[in-house]
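Here is the file input16.txt (compact mmCIF, C-alpha atoms).
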```txt
# COMPACT_ATOMS: atom_id res chain seq x y z
CA MET A 14 -35.00 43.14 -91.25
CA TRP A 15 -33.67 43.82 -87.81
CA THR A 16 -30.85 41.79 -86.25
CA ARG A 17 -31.33 40.54 -82.70
CA ASP A 18 -29.42 43.54 -81.38
CA GLN A 19 -31.50 45.93 -83.47
CA GLN A 20 -34.66 44.26 -82.21
CA ALA A 21 -33.46 44.74 -78.64
CA ALA A 22 -32.57 48.36 -79.41
CA ARG A 23 -36.07 48.92 -80.83
CA ALA A 24 -37.57 47.49 -77.62
CA ALA A 25 -35.32 49.78 -75.58
CA LYS A 26 -37.05 52.78 -77.21
CA GLU A 27 -40.14 51.81 -75.21
CA LEU A 28 -38.32 52.44 -71.92
CA GLN A 29 -39.32 55.65 -70.18
CA ASP A 30 -37.42 57.66 -67.64
CA GLY A 31 -38.07 56.40 -64.12
CA PHE A 32 -39.44 53.01 -65.19
CA TYR A 33 -39.02 49.87 -63.08
CA VAL A 34 -38.47 47.08 -65.63
CA ASN A 35 -38.22 43.29 -65.57
CA LEU A 36 -36.38 41.69 -68.50
CA GLY A 37 -36.95 38.02 -69.33
CA ILE A 38 -34.26 35.46 -70.10
CA GLY A 39 -32.72 35.31 -73.61
CA MET A 40 -33.17 38.12 -76.17
CA PRO A 41 -34.93 40.45 -73.68
CA THR A 42 -31.73 40.53 -71.60
CA LEU A 43 -30.03 42.32 -74.53
CA VAL A 44 -32.35 45.31 -74.07
CA ALA A 45 -30.23 46.38 -71.08
CA ASN A 46 -27.38 47.14 -73.54
CA PHE A 47 -29.47 49.74 -75.43
CA ILE A 48 -31.05 51.90 -72.74
CA PRO A 49 -31.30 55.34 -74.39
CA GLU A 50 -29.12 58.22 -73.18
CA GLY A 51 -30.89 60.29 -70.53
CA VAL A 52 -33.41 57.56 -69.69
CA ASP A 53 -32.97 56.21 -66.18
CA VAL A 54 -34.49 52.77 -65.60
CA THR A 55 -34.19 50.40 -62.65
CA LEU A 56 -34.02 46.71 -63.55
CA GLN A 57 -35.81 44.22 -61.32
CA SER A 58 -34.70 40.61 -61.11
CA GLU A 59 -37.43 38.39 -59.72
CA ASN A 60 -35.07 36.27 -57.62
CA GLY A 61 -34.90 39.22 -55.22
CA MET A 62 -33.10 42.31 -56.46
CA LEU A 63 -33.99 45.80 -57.60
CA GLY A 64 -31.26 47.82 -59.32
CA MET A 65 -29.39 45.18 -61.30
CA GLY A 66 -25.90 46.12 -62.45
CA PRO A 67 -23.73 44.78 -65.30
CA PHE A 68 -21.81 41.50 -65.36
CA PRO A 69 -18.81 41.48 -62.98
CA PHE A 70 -15.20 41.69 -64.10
CA ALA A 71 -13.49 38.30 -64.33
CA GLY A 72 -12.41 37.22 -60.85
CA GLU A 73 -15.07 39.33 -59.13
CA GLU A 74 -18.01 36.94 -59.57
CA ASP A 75 -20.05 36.41 -56.41
CA PRO A 76 -22.08 33.16 -56.21
CA ASP A 77 -24.52 34.94 -53.87
CA LEU A 78 -25.29 37.56 -56.52
CA ILE A 79 -27.12 36.29 -59.60
CA ASN A 80 -30.04 37.33 -61.77
CA ALA A 81 -33.13 35.30 -62.63
CA GLY A 82 -31.20 33.72 -65.53
CA LYS A 83 -28.69 32.46 -62.90
CA GLN A 84 -25.99 34.70 -64.42
CA THR A 85 -23.45 36.42 -62.18
CA ILE A 86 -24.14 40.18 -61.97
CA THR A 87 -23.23 43.19 -59.83
CA GLU A 88 -25.03 45.71 -57.64
CA LEU A 89 -25.40 49.49 -58.04
CA ASP A 90 -25.67 52.36 -55.57
CA ARG A 91 -29.47 52.06 -55.78
CA THR A 92 -29.65 48.28 -55.27
CA SER A 93 -31.89 46.59 -52.74
CA TYR A 94 -32.29 42.89 -51.96
CA PHE A 95 -35.44 41.17 -50.73
CA SER A 96 -37.19 37.81 -50.49
CA SER A 97 -39.07 36.11 -53.33
CA ALA A 98 -42.36 37.01 -51.60
CA ASP A 99 -41.48 40.72 -51.62
CA SER A 100 -40.22 40.41 -55.18
CA PHE A 101 -43.54 39.06 -56.40
CA ALA A 102 -45.44 41.61 -54.33
CA MET A 103 -43.74 44.14 -56.63
CA ILE A 104 -44.72 42.13 -59.71
CA ARG A 105 -48.21 40.95 -58.76
CA GLY A 106 -49.07 44.17 -56.96
CA GLY A 107 -48.68 46.22 -60.15
CA HIS A 108 -45.56 48.13 -59.07
CA ILE A 109 -43.42 47.18 -62.09
CA ASP A 110 -43.99 49.38 -65.16
CA LEU A 111 -42.83 47.12 -67.96
CA SER A 112 -41.78 43.57 -68.65
CA ILE A 113 -40.11 42.42 -71.86
CA LEU A 114 -40.44 38.68 -72.45
CA GLY A 115 -39.77 36.04 -75.07
CA ALA A 116 -42.58 33.87 -76.43
CA MET A 117 -43.24 30.76 -78.49
CA GLU A 118 -46.67 32.03 -79.59
CA VAL A 119 -48.74 35.19 -79.26
CA ALA A 120 -52.38 35.39 -80.38
CA ASP A 121 -54.07 38.45 -81.87
CA ASN A 122 -56.25 38.67 -78.72
CA GLY A 123 -53.09 39.12 -76.60
CA ASP A 124 -52.78 35.53 -75.33
CA ILE A 125 -49.21 34.38 -74.82
CA ALA A 126 -47.64 30.90 -74.62
CA ASN A 127 -44.01 30.67 -73.55
CA TRP A 128 -43.56 27.97 -70.93
CA MET A 129 -44.38 24.49 -72.13
CA ILE A 130 -44.52 22.12 -75.08
CA PRO A 131 -46.61 19.15 -73.91
CA GLY A 132 -44.65 15.89 -73.85
CA LYS A 133 -41.44 17.65 -74.88
CA MET A 134 -40.31 20.64 -72.90
CA VAL A 135 -41.07 20.68 -69.18
CA LYS A 136 -38.94 23.51 -67.89
CA GLY A 137 -41.75 25.34 -66.12
CA MET A 138 -43.19 28.84 -66.10
CA GLY A 139 -40.86 30.37 -63.51
CA GLY A 140 -42.08 33.92 -62.95
CA ALA A 141 -43.63 34.41 -66.40
CA MET A 142 -47.27 33.87 -65.36
CA ASP A 143 -46.89 36.35 -62.51
CA LEU A 144 -45.23 38.92 -64.76
CA VAL A 145 -47.91 38.83 -67.48
CA ALA A 146 -50.68 38.96 -64.85
CA GLY A 147 -49.26 41.78 -62.76
CA VAL A 148 -46.93 44.08 -64.73
CA LYS A 149 -48.52 47.19 -66.24
CA LYS A 150 -47.18 46.75 -69.79
CA ILE A 151 -46.05 43.55 -71.54
CA ILE A 152 -43.79 43.62 -74.60
CA VAL A 153 -42.91 40.38 -76.39
CA LEU A 154 -39.60 40.19 -78.19
CA MET A 155 -39.54 37.17 -80.51
CA GLU A 156 -38.65 35.82 -83.92
CA HIS A 157 -41.51 36.34 -86.34
CA ASN A 158 -41.64 32.68 -87.39
CA ALA A 159 -40.81 29.36 -85.78
CA LYS A 160 -38.03 27.14 -87.10
CA ASP A 161 -40.55 25.29 -89.32
CA GLY A 162 -41.60 28.64 -90.83
CA SER A 163 -44.99 28.79 -89.09
CA ALA A 164 -46.18 32.18 -87.85
CA LYS A 165 -45.73 32.87 -84.13
CA PHE A 166 -48.30 35.70 -84.11
CA LYS A 167 -51.45 33.61 -84.54
CA THR A 168 -55.24 33.72 -84.53
CA ALA A 169 -55.09 31.46 -81.46
CA CYS A 170 -52.27 29.92 -79.41
CA THR A 171 -51.91 26.15 -79.78
CA LEU A 172 -49.55 25.69 -76.81
CA PRO A 173 -50.58 25.93 -73.12
CA LEU A 174 -51.04 29.58 -72.22
CA THR A 175 -48.93 31.69 -69.90
CA GLY A 176 -51.60 34.39 -69.75
CA LYS A 177 -54.83 35.42 -71.48
CA GLY A 178 -55.18 38.74 -73.29
CA VAL A 179 -52.10 40.24 -71.63
CA VAL A 180 -49.71 41.27 -74.44
CA ASP A 181 -49.50 44.97 -75.40
CA MET A 182 -46.76 44.95 -78.03
CA VAL A 183 -44.86 42.45 -80.20
CA ILE A 184 -41.44 43.27 -81.64
CA SER A 185 -40.07 40.80 -84.20
CA GLU A 186 -37.26 41.12 -86.74
CA LEU A 187 -39.93 42.25 -89.25
CA ALA A 188 -42.18 44.69 -87.45
CA VAL A 189 -43.68 46.26 -84.36
CA LEU A 190 -47.32 45.42 -83.64
CA ALA A 191 -49.05 47.09 -80.71
CA ARG A 192 -52.40 48.02 -79.23
CA PRO A 193 -53.36 50.95 -77.02
CA THR A 194 -55.39 48.92 -74.49
CA LYS A 195 -55.68 45.23 -73.55
CA GLY A 196 -59.03 44.80 -75.33
CA ALA A 197 -58.09 46.53 -78.60
CA ALA A 198 -56.88 45.00 -81.88
CA PHE A 199 -53.17 44.96 -82.73
CA LYS A 200 -52.02 47.56 -85.23
CA LEU A 201 -48.88 47.77 -87.35
CA ILE A 202 -46.71 50.48 -85.81
CA GLU A 203 -43.47 50.08 -87.71
CA LEU A 204 -41.89 47.89 -90.39
CA ALA A 205 -38.22 46.98 -90.14
CA PRO A 206 -36.04 48.39 -92.97
CA GLY A 207 -36.43 46.40 -96.19
CA VAL A 208 -39.67 44.72 -95.10
CA ASP A 209 -42.90 45.53 -96.93
CA LEU A 210 -46.47 45.00 -95.82
CA ASP A 211 -47.09 42.09 -98.20
CA THR A 212 -44.08 40.21 -96.82
CA LEU A 213 -45.24 40.84 -93.28
CA LYS A 214 -48.77 39.66 -94.07
CA ALA A 215 -47.50 36.54 -95.85
CA ARG A 216 -45.47 35.59 -92.78
CA THR A 217 -48.18 36.40 -90.20
CA GLU A 218 -51.27 34.38 -89.29
CA GLY A 219 -52.91 36.59 -86.65
CA HIS A 220 -54.94 39.67 -87.54
CA PHE A 221 -53.51 43.16 -87.26
CA ASP A 222 -54.77 46.51 -88.55
CA SER A 223 -52.47 48.08 -91.09
CA MET B 93 -32.68 29.87 -23.65
CA ALA B 94 -33.41 26.57 -25.42
CA ASN B 95 -30.30 25.37 -27.17
CA LYS B 96 -30.70 25.63 -30.94
CA LEU B 97 -27.09 24.89 -31.80
CA TYR B 98 -26.07 21.56 -33.31
CA PRO B 99 -22.60 20.43 -34.41
CA ASP B 100 -23.46 19.48 -37.98
CA ALA B 101 -26.20 18.73 -40.53
CA ALA B 102 -26.72 15.08 -39.57
CA THR B 103 -27.27 15.79 -35.88
CA ALA B 104 -29.43 18.82 -36.69
CA LEU B 105 -31.77 16.52 -38.66
CA ASP B 106 -31.71 13.71 -36.08
CA GLY B 107 -35.21 12.48 -35.17
CA LEU B 108 -36.97 14.68 -37.74
CA LEU B 109 -36.90 12.47 -40.82
CA PHE B 110 -39.45 9.87 -41.99
CA ASP B 111 -40.36 8.34 -45.35
CA GLY B 112 -43.16 10.20 -47.17
CA MET B 113 -42.47 13.51 -45.44
CA THR B 114 -42.70 16.99 -46.99
CA ILE B 115 -39.56 19.13 -47.06
CA MET B 116 -39.17 22.75 -48.12
CA SER B 117 -35.72 23.59 -49.44
CA GLY B 118 -34.54 27.19 -49.92
CA GLY B 119 -32.60 28.65 -52.83
CA PHE B 120 -32.97 29.97 -56.37
CA GLY B 121 -31.05 27.87 -58.84
CA LEU B 122 -27.94 26.94 -56.85
CA CYS B 123 -27.87 30.33 -55.09
CA GLY B 124 -28.67 30.12 -51.38
CA ILE B 125 -29.35 26.39 -51.27
CA PRO B 126 -28.79 24.50 -47.99
CA GLU B 127 -26.07 22.35 -49.51
CA LYS B 128 -24.98 20.67 -46.25
CA LEU B 129 -28.55 19.70 -45.29
CA ILE B 130 -29.29 18.32 -48.78
CA ALA B 131 -26.13 16.20 -48.55
CA ALA B 132 -27.25 14.97 -45.10
CA LEU B 133 -30.68 14.00 -46.49
CA ARG B 134 -28.95 11.97 -49.13
CA TYR B 135 -26.79 10.24 -46.53
CA ALA B 136 -29.82 9.59 -44.26
CA GLY B 137 -31.56 7.85 -47.17
CA VAL B 138 -35.07 9.06 -46.28
CA LYS B 139 -37.44 8.19 -49.18
CA CYS B 140 -40.71 9.12 -50.95
CA LEU B 141 -40.12 12.80 -50.25
CA THR B 142 -42.34 15.63 -51.42
CA VAL B 143 -39.93 18.52 -51.93
CA ILE B 144 -41.08 22.12 -52.24
CA SER B 145 -38.34 24.14 -53.90
CA ASN B 146 -38.31 26.73 -56.68
CA ASN B 147 -35.82 24.62 -58.69
CA ALA B 148 -34.48 21.09 -58.54
CA GLY B 149 -30.74 21.75 -58.55
CA VAL B 150 -28.56 20.55 -61.42
CA ASP B 151 -27.42 17.05 -62.29
CA GLY B 152 -25.27 15.88 -59.37
CA PHE B 153 -25.54 19.00 -57.18
CA GLY B 154 -28.18 20.49 -54.92
CA LEU B 155 -31.50 18.63 -55.06
CA GLY B 156 -30.19 16.89 -58.19
CA GLN B 157 -28.40 14.56 -55.77
CA LEU B 158 -31.69 13.41 -54.21
CA LEU B 159 -33.19 12.86 -57.67
CA GLU B 160 -30.22 10.68 -58.59
CA THR B 161 -30.89 8.45 -55.56
CA ARG B 162 -34.68 8.38 -56.30
CA GLN B 163 -35.44 9.78 -52.84
CA ILE B 164 -37.89 12.35 -54.24
CA ALA B 165 -41.40 11.19 -55.24
CA LYS B 166 -42.88 14.61 -55.92
CA MET B 167 -41.58 18.13 -56.57
CA ILE B 168 -43.51 21.38 -56.19
CA SER B 169 -41.48 23.90 -58.21
CA SER B 170 -41.69 26.73 -60.72
CA TYR B 171 -38.74 25.98 -63.01
CA VAL B 172 -36.65 22.86 -63.52
CA GLY B 173 -34.94 23.63 -66.80
CA GLU B 174 -31.38 23.00 -65.65
CA ASN B 175 -31.74 19.34 -64.77
CA LYS B 176 -31.73 16.54 -67.35
CA GLU B 177 -32.32 13.78 -64.78
CA PHE B 178 -35.38 15.64 -63.51
CA GLU B 179 -36.79 15.92 -67.02
CA ARG B 180 -36.11 12.24 -67.68
CA GLN B 181 -37.78 11.04 -64.45
CA TYR B 182 -40.77 13.29 -65.05
CA LEU B 183 -41.33 12.34 -68.70
CA SER B 184 -41.02 8.63 -67.82
CA GLY B 185 -43.60 9.00 -65.04
CA GLU B 186 -41.23 8.13 -62.16
CA LEU B 187 -41.52 11.56 -60.60
CA GLN B 188 -44.63 13.61 -59.86
CA LEU B 189 -44.42 17.31 -60.53
CA GLU B 190 -46.65 20.20 -59.58
CA PHE B 191 -45.68 23.39 -61.39
CA ASN B 192 -46.53 26.61 -59.58
CA PRO B 193 -45.95 30.10 -60.94
CA GLN B 194 -42.98 31.43 -59.01
CA GLY B 195 -44.92 34.23 -57.32
CA THR B 196 -47.74 31.86 -56.43
CA LEU B 197 -45.20 29.45 -54.93
CA ALA B 198 -43.59 32.23 -52.87
CA GLU B 199 -46.97 33.49 -51.67
CA ARG B 200 -48.26 29.98 -50.86
CA ILE B 201 -45.23 29.47 -48.61
CA ARG B 202 -45.58 32.92 -47.06
CA ALA B 203 -49.28 32.28 -46.44
CA GLY B 204 -48.67 28.81 -44.99
CA GLY B 205 -46.13 30.19 -42.56
CA ALA B 206 -48.50 32.99 -41.55
CA GLY B 207 -51.41 30.63 -40.81
CA ILE B 208 -53.34 31.73 -43.90
CA PRO B 209 -54.98 28.71 -45.58
CA GLY B 210 -55.67 30.33 -48.94
CA PHE B 211 -55.65 33.50 -51.04
CA TYR B 212 -56.88 34.71 -54.41
CA THR B 213 -54.56 35.73 -57.25
CA LYS B 214 -54.81 36.78 -60.90
CA THR B 215 -51.69 34.79 -61.78
CA GLY B 216 -52.55 31.74 -63.90
CA VAL B 217 -56.16 32.67 -64.72
CA GLY B 218 -57.08 31.09 -68.07
CA THR B 219 -54.10 28.67 -67.98
CA LEU B 220 -53.52 25.04 -66.95
CA VAL B 221 -52.67 26.33 -63.48
CA ALA B 222 -56.28 27.45 -62.94
CA GLU B 223 -57.86 24.09 -63.75
CA GLY B 224 -59.95 22.70 -60.89
CA LYS B 225 -59.46 25.80 -58.73
CA GLU B 226 -62.19 28.06 -57.37
CA HIS B 227 -62.65 31.24 -59.47
CA LYS B 228 -63.96 34.42 -57.91
CA GLN B 229 -64.65 37.95 -59.15
CA PHE B 230 -63.30 41.00 -57.33
CA ASN B 231 -63.98 44.45 -58.81
CA GLY B 232 -64.87 42.91 -62.17
CA GLU B 233 -61.68 40.84 -62.48
CA THR B 234 -61.28 37.07 -62.15
CA PHE B 235 -59.01 35.53 -59.54
CA ILE B 236 -58.22 31.94 -58.55
CA LEU B 237 -57.92 30.41 -55.10
CA GLU B 238 -54.47 29.16 -54.14
CA THR B 239 -53.74 27.39 -50.84
CA GLY B 240 -51.03 27.96 -48.25
CA LEU B 241 -48.16 25.48 -48.00
CA VAL B 242 -46.47 24.07 -44.91
CA ALA B 243 -43.78 21.40 -44.53
CA ASP B 244 -42.77 18.84 -41.94
CA VAL B 245 -39.26 20.26 -42.09
CA SER B 246 -37.87 23.37 -43.81
CA ILE B 247 -34.19 23.39 -44.66
CA VAL B 248 -32.79 26.89 -44.99
CA LYS B 249 -29.46 28.54 -45.80
CA ALA B 250 -28.61 31.88 -44.20
CA TRP B 251 -25.39 33.87 -44.10
CA LYS B 252 -25.11 34.57 -40.39
CA ALA B 253 -27.01 33.60 -37.27
CA ASP B 254 -26.77 34.36 -33.57
CA PRO B 255 -27.43 31.71 -30.89
CA TYR B 256 -31.08 32.81 -30.66
CA GLY B 257 -31.63 31.81 -34.30
CA ASN B 258 -31.90 35.37 -35.60
CA LEU B 259 -30.82 35.26 -39.25
CA ILE B 260 -29.24 37.54 -41.83
CA PHE B 261 -29.11 36.58 -45.50
CA ARG B 262 -26.67 37.83 -48.12
CA LYS B 263 -27.60 39.44 -51.48
CA THR B 264 -29.73 37.29 -53.81
CA SER B 265 -29.12 34.14 -51.76
CA ARG B 266 -32.07 35.27 -49.61
CA ASN B 267 -34.79 34.35 -52.20
CA PHE B 268 -37.16 31.67 -50.81
CA ASN B 269 -35.28 31.09 -47.55
CA PRO B 270 -37.09 33.58 -45.24
CA MET B 271 -40.60 32.38 -46.16
CA MET B 272 -39.59 28.73 -45.89
CA ALA B 273 -38.18 29.41 -42.42
CA THR B 274 -41.71 30.43 -41.37
CA ALA B 275 -43.51 27.48 -43.00
CA GLY B 276 -41.70 24.46 -41.53
CA LYS B 277 -43.17 22.64 -38.51
CA VAL B 278 -39.47 22.39 -37.70
CA THR B 279 -36.99 24.72 -39.43
CA VAL B 280 -33.35 23.69 -39.62
CA VAL B 281 -30.87 26.35 -40.71
CA GLU B 282 -27.27 26.17 -41.90
CA VAL B 283 -25.13 29.29 -41.81
CA GLU B 284 -21.64 30.33 -42.81
CA GLU B 285 -20.98 32.14 -39.56
CA LEU B 286 -22.33 32.10 -36.01
CA VAL B 287 -21.96 35.42 -34.20
CA PRO B 288 -22.24 36.04 -30.43
CA ALA B 289 -25.61 37.18 -29.04
CA GLY B 290 -26.01 40.94 -29.31
CA THR B 291 -23.82 41.28 -32.40
CA PHE B 292 -26.67 42.00 -34.81
CA ASP B 293 -28.37 45.36 -34.88
CA PRO B 294 -31.96 44.24 -34.13
CA ASP B 295 -33.15 46.51 -36.95
CA HIS B 296 -31.09 44.50 -39.45
CA ILE B 297 -32.37 41.00 -38.67
CA HIS B 298 -34.17 39.44 -41.66
CA THR B 299 -35.65 36.37 -39.93
CA PRO B 300 -36.40 36.56 -36.21
CA GLY B 301 -35.30 33.54 -34.13
CA VAL B 302 -38.86 32.37 -33.35
CA PHE B 303 -38.96 30.73 -36.79
CA VAL B 304 -35.74 28.77 -36.27
CA GLN B 305 -35.60 25.58 -34.17
CA ARG B 306 -32.21 24.11 -35.09
CA LEU B 307 -29.01 25.66 -36.33
CA PHE B 308 -25.47 24.72 -37.28
CA VAL B 309 -22.43 26.19 -39.00
CA GLY B 310 -21.56 24.61 -42.38
CA ARG B 311 -17.95 24.30 -43.53
CA ASP B 312 -16.32 24.54 -46.95
CA TYR B 313 -19.24 25.84 -48.96
CA GLU B 314 -19.05 24.90 -52.60
CA LYS B 315 -21.49 27.61 -53.82
CA ARG B 316 -21.44 26.55 -57.44
CA ILE B 317 -22.15 29.17 -60.11
CA GLU B 318 -24.53 28.06 -62.88
CA GLN B 319 -23.84 30.80 -65.45
CA ARG B 320 -20.50 32.52 -64.99
CA THR B 321 -20.92 35.75 -66.95
CA VAL B 322 -18.26 38.48 -66.92
CA ARG B 323 -17.39 41.67 -68.79
CA GLU B 324 -14.04 42.78 -70.17
CA ARG B 325 -12.06 45.43 -68.36
CA GLU B 326 -11.67 48.54 -70.46
CA PRO B 327 -8.01 49.05 -71.37
CA ALA B 328 -6.33 51.63 -69.10
```
Could you show the structure in this file as structure tokens?
Amino acid sequence: MWTRDQQAARAAKELQDGFYVNLGIGMPTLVANFIPEGVDVTLQSENGMLGMGPFPFAGEEDPDLINAGKQTITELDRTSYFSSADSFAMIRGGHIDLSILGAMEVADNGDIANWMIPGKMVKGMGGAMDLVAGVKKIIVLMEHNAKDGSAKFKTACTLPLTGKGVVDMVISELAVLARPTKGAAFKLIELAPGVDLDTLKARTEGHFDS
Amino acid sequence: MANKLYPDAATALDGLLFDGMTIMSGGFGLCGIPEKLIAALRYAGVKCLTVISNNAGVDGFGLGQLLETRQIAKMISSYVGENKEFERQYLSGELQLEFNPQGTLAERIRAGGAGIPGFYTKTGVGTLVAEGKEHKQFNGETFILETGLVADVSIVKAWKADPYGNLIFRKTSRNFNPMMATAGKVTVVEVEELVPAGTFDPDHIHTPGVFVQRLFVGRDYEKRIEQRTVREREPA
């Protein structure tokens, strides 16, 4: 099994030199810590920044400089700032190469649900619906099972969708599942150390080719 | 030149407010919010507001203050996760809420300000957001119709302005502010600094003065930080 950091490091292997990347809030943010040597990526933050730098040193926080998770950050020599309309022109216009997001459920047809639990959680979708609709490649980084043990990779999502048929790859603490095109079936790409196929199948509801 | 300068938030809003009006309010989280104008709305007591804003502030600050006083009847937002009072009012049915994907919200405001009544987007197709909306195929893909948004008054925070209402924003506090400046029937702007005419390089102006009707300099900005994240200095 992979730890959260190892999961993030595995996702970071999908980064390619020159990529423009948007990282979601939570575990996906950790991916920035594992960008492989020699791979140059530019991180986009949908609140209006391209070229996101690390957290500031204590005492150097700037309230006018935050990321989409409302965390204080810094700028780099490549940084540009722009309005939310320009930011989503990048996202919806297909100019961002990769987005790594969290999810509550993913279906084996690529549907994703990550914004709402009816009657319970009403935080909102933020930029997630725009990201899954517009970014070239979508990777989901999530725990394989929910707290009640139910599978999060399902035959069909039960929660309100964020997007239909949009997910390209799922990385959990157990395995990597991916598909070459949006219409294709998911295939097992890699098992985490110490995880066998039977364990994976027992803890998964959705179909994948092995 | 028409005078756009006002001494403070209350006088800048004078004569513009009425119950049931629609207000656009700039900012992302607490970054770049018009904190003086929000405080003035609270003091003015105007009610039954429809507020268009990406977020709803936090409990007790930003738009959270207008939720506390029940001045807001409806929010059009993309994310409200930082506000317990918002969640409570919504789940109990006291507050109406229209969730928009963040990019759709930004584009609806941009379109409204540009005189564009509607546009088609892929965002939200096959989700709750698409329900009841016109669907149309372009090049074999499905898109939904979204409409432009305008407001009776837009309240905007910029970094600097000149007396003509030309604006410059700072870092990520720009966010929704420039589009909202274009989409208000009247746009009221608060800034940290007023500079003399001719100070700005015209090539560096973010929002041209035509979009700005009223302007004042705010004092003692609180600029709260929601998530203070820092890194350790490496030992020398």
task: Pull out every residue of chain A sitting within 6 Å of chain B, counting all atoms listed in the file, and send them as a list in words.
output: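 So the contacting residues turn out to be Asn60, Gly61, Phe68, Pro69, Phe70, Ala71, Pro76, Asp77, Leu78, Lys83, Gln84, Thr85, Tyr94, Ser96, Ser97, Ala98, Phe101, Lys136, Gly137, Met138, Gly139, Gly140, Met142, Asp143, Ala146, Leu174 and Lys177 of chain A.
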task: Enter the distance from CA of Thr87 in chain A to CA of Val54 in chain A, in Å, rounded to one decimal.
output: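 Going from CA of Thr87 in chain A over to CA of Val54 in chain A covers 15.9 Å.
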query: Any idea what the distance is between CA of Leu154 in chain A and CA of Thr217 in chain A?
result: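 Computing the Euclidean distance for CA of Leu154 in chain A and CA of Thr217 in chain A yields 15.2 Å.
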- request: Please identify all polymer residues lying at most 7 Å from the point (-24.7, 23.7, -31.8) (file coordinates), using only C-alpha atoms, and present the result as number ranges by chain.
  value: B: 96-99, 307-308
statement: Shortest contact to Trp15 in chain A, candidates A:Val189, A:Ile202, A:Ala197, A:Val153, atoms counted all atoms listed in the file, goes to A:Val189
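Here CA of Val135 in chain A is placed at a distance of 23.5 Å from CA of Ile151 in chain A.
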field: Nearest to Leu129 in chain B, chosen from B:Ile208, B:Leu259, B:Val150, B:Ile247, with all atoms listed in the file counted in the distances
entry: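 Using all atoms listed in the file, the shortest distance to Leu129 in chain B belongs to B:Ile247.
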query: Looking at A:Glu73, A:Glu186, A:Asp53, A:Asp181, which one is nearest to Ile152 in chain A, with distances taken over all atoms listed in the file?
result: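 Closest residue, counting all atoms listed in the file: A:Asp181.
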Find the residues around Ala25 in chain A up to 10 Å (all atoms listed in the file counted), leave out those fewer than 3 positions away in its own chain, and share them as a PDB file with C-alpha atoms, in the frame of the given file.
```pdb
ATOM      1  CA  GLN A  19     -31.500  45.930 -83.470  1.00  0.00           C
ATOM      2  CA  GLN A  20     -34.660  44.260 -82.210  1.00  0.00           C
ATOM      3  CA  ALA A  21     -33.460  44.740 -78.640  1.00  0.00           C
ATOM      4  CA  ALA A  22     -32.570  48.360 -79.410  1.00  0.00           C
ATOM      5  CA  LEU A  28     -38.320  52.440 -71.920  1.00  0.00           C
ATOM      6  CA  GLN A  29     -39.320  55.650 -70.180  1.00  0.00           C
ATOM      7  CA  PRO A  41     -34.930  40.450 -73.680  1.00  0.00           C
ATOM      8  CA  LEU A  43     -30.030  42.320 -74.530  1.00  0.00           C
ATOM      9  CA  VAL A  44     -32.350  45.310 -74.070  1.00  0.00           C
ATOM     10  CA  ALA A  45     -30.230  46.380 -71.080  1.00  0.00           C
ATOM     11  CA  ASN A  46     -27.380  47.140 -73.540  1.00  0.00           C
ATOM     12  CA  PHE A  47     -29.470  49.740 -75.430  1.00  0.00           C
ATOM     13  CA  ILE A  48     -31.050  51.900 -72.740  1.00  0.00           C
ATOM     14  CA  PRO A  49     -31.300  55.340 -74.390  1.00  0.00           C
ATOM     15  CA  VAL A  52     -33.410  57.560 -69.690  1.00  0.00           C
ATOM     16  CA  ILE A 113     -40.110  42.420 -71.860  1.00  0.00           C
TER      17      ILE A 113
END
```
query: Which is closest to Gly107 in chain B among B:Val138, B:Ala222, B:Ile168, B:Ala94, if we use only C-alpha atoms?
result: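 For Gly107 in chain B, the nearest of the given residues is B:Val138.
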- request: Could you tell me which of A:Thr212, A:Thr168, A:Thr92, A:Ser58 comes closest to Ile38 in chain A if we count only C-alpha atoms?
  value: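 Ranked by minimum distance to Ile38 in chain A, first place goes to A:Ser58.
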field: Distance criterion (all atoms listed in the file): nearest to Leu109 in chain B out of B:Ala136, B:Ile164, B:Val304, B:Ile130
entry: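 The answer is B:Ala136, which sits nearest to Leu109 in chain B.
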Mind writing range 178-192 of chain B to a file for me, with C-alpha atoms, as a PDB file, in the first residue's frame?
```pdb
ATOM      1  CA  PHE B 178     -24.211  30.183   5.365  1.00  0.00           C
ATOM      2  CA  GLU B 179     -24.570  26.408   5.492  1.00  0.00           C
ATOM      3  CA  ARG B 180     -27.038  26.655   8.376  1.00  0.00           C
ATOM      4  CA  GLN B 181     -29.240  29.277   6.662  1.00  0.00           C
ATOM      5  CA  TYR B 182     -29.206  27.317   3.415  1.00  0.00           C
ATOM      6  CA  LEU B 183     -30.016  23.917   4.932  1.00  0.00           C
ATOM      7  CA  SER B 184     -32.846  25.463   6.986  1.00  0.00           C
ATOM      8  CA  GLY B 185     -34.321  27.092   3.872  1.00  0.00           C
ATOM      9  CA  GLU B 186     -33.806  30.710   5.014  1.00  0.00           C
ATOM     10  CA  LEU B 187     -31.372  31.467   2.216  1.00  0.00           C
ATOM     11  CA  GLN B 188     -31.666  30.740  -1.498  1.00  0.00           C
ATOM     12  CA  LEU B 189     -28.551  29.563  -3.250  1.00  0.00           C
ATOM     13  CA  GLU B 190     -27.671  29.190  -6.894  1.00  0.00           C
ATOM     14  CA  PHE B 191     -24.411  27.306  -7.379  1.00  0.00           C
ATOM     15  CA  ASN B 192     -22.502  28.140 -10.546  1.00  0.00           C
TER      16      ASN B 192
END
```
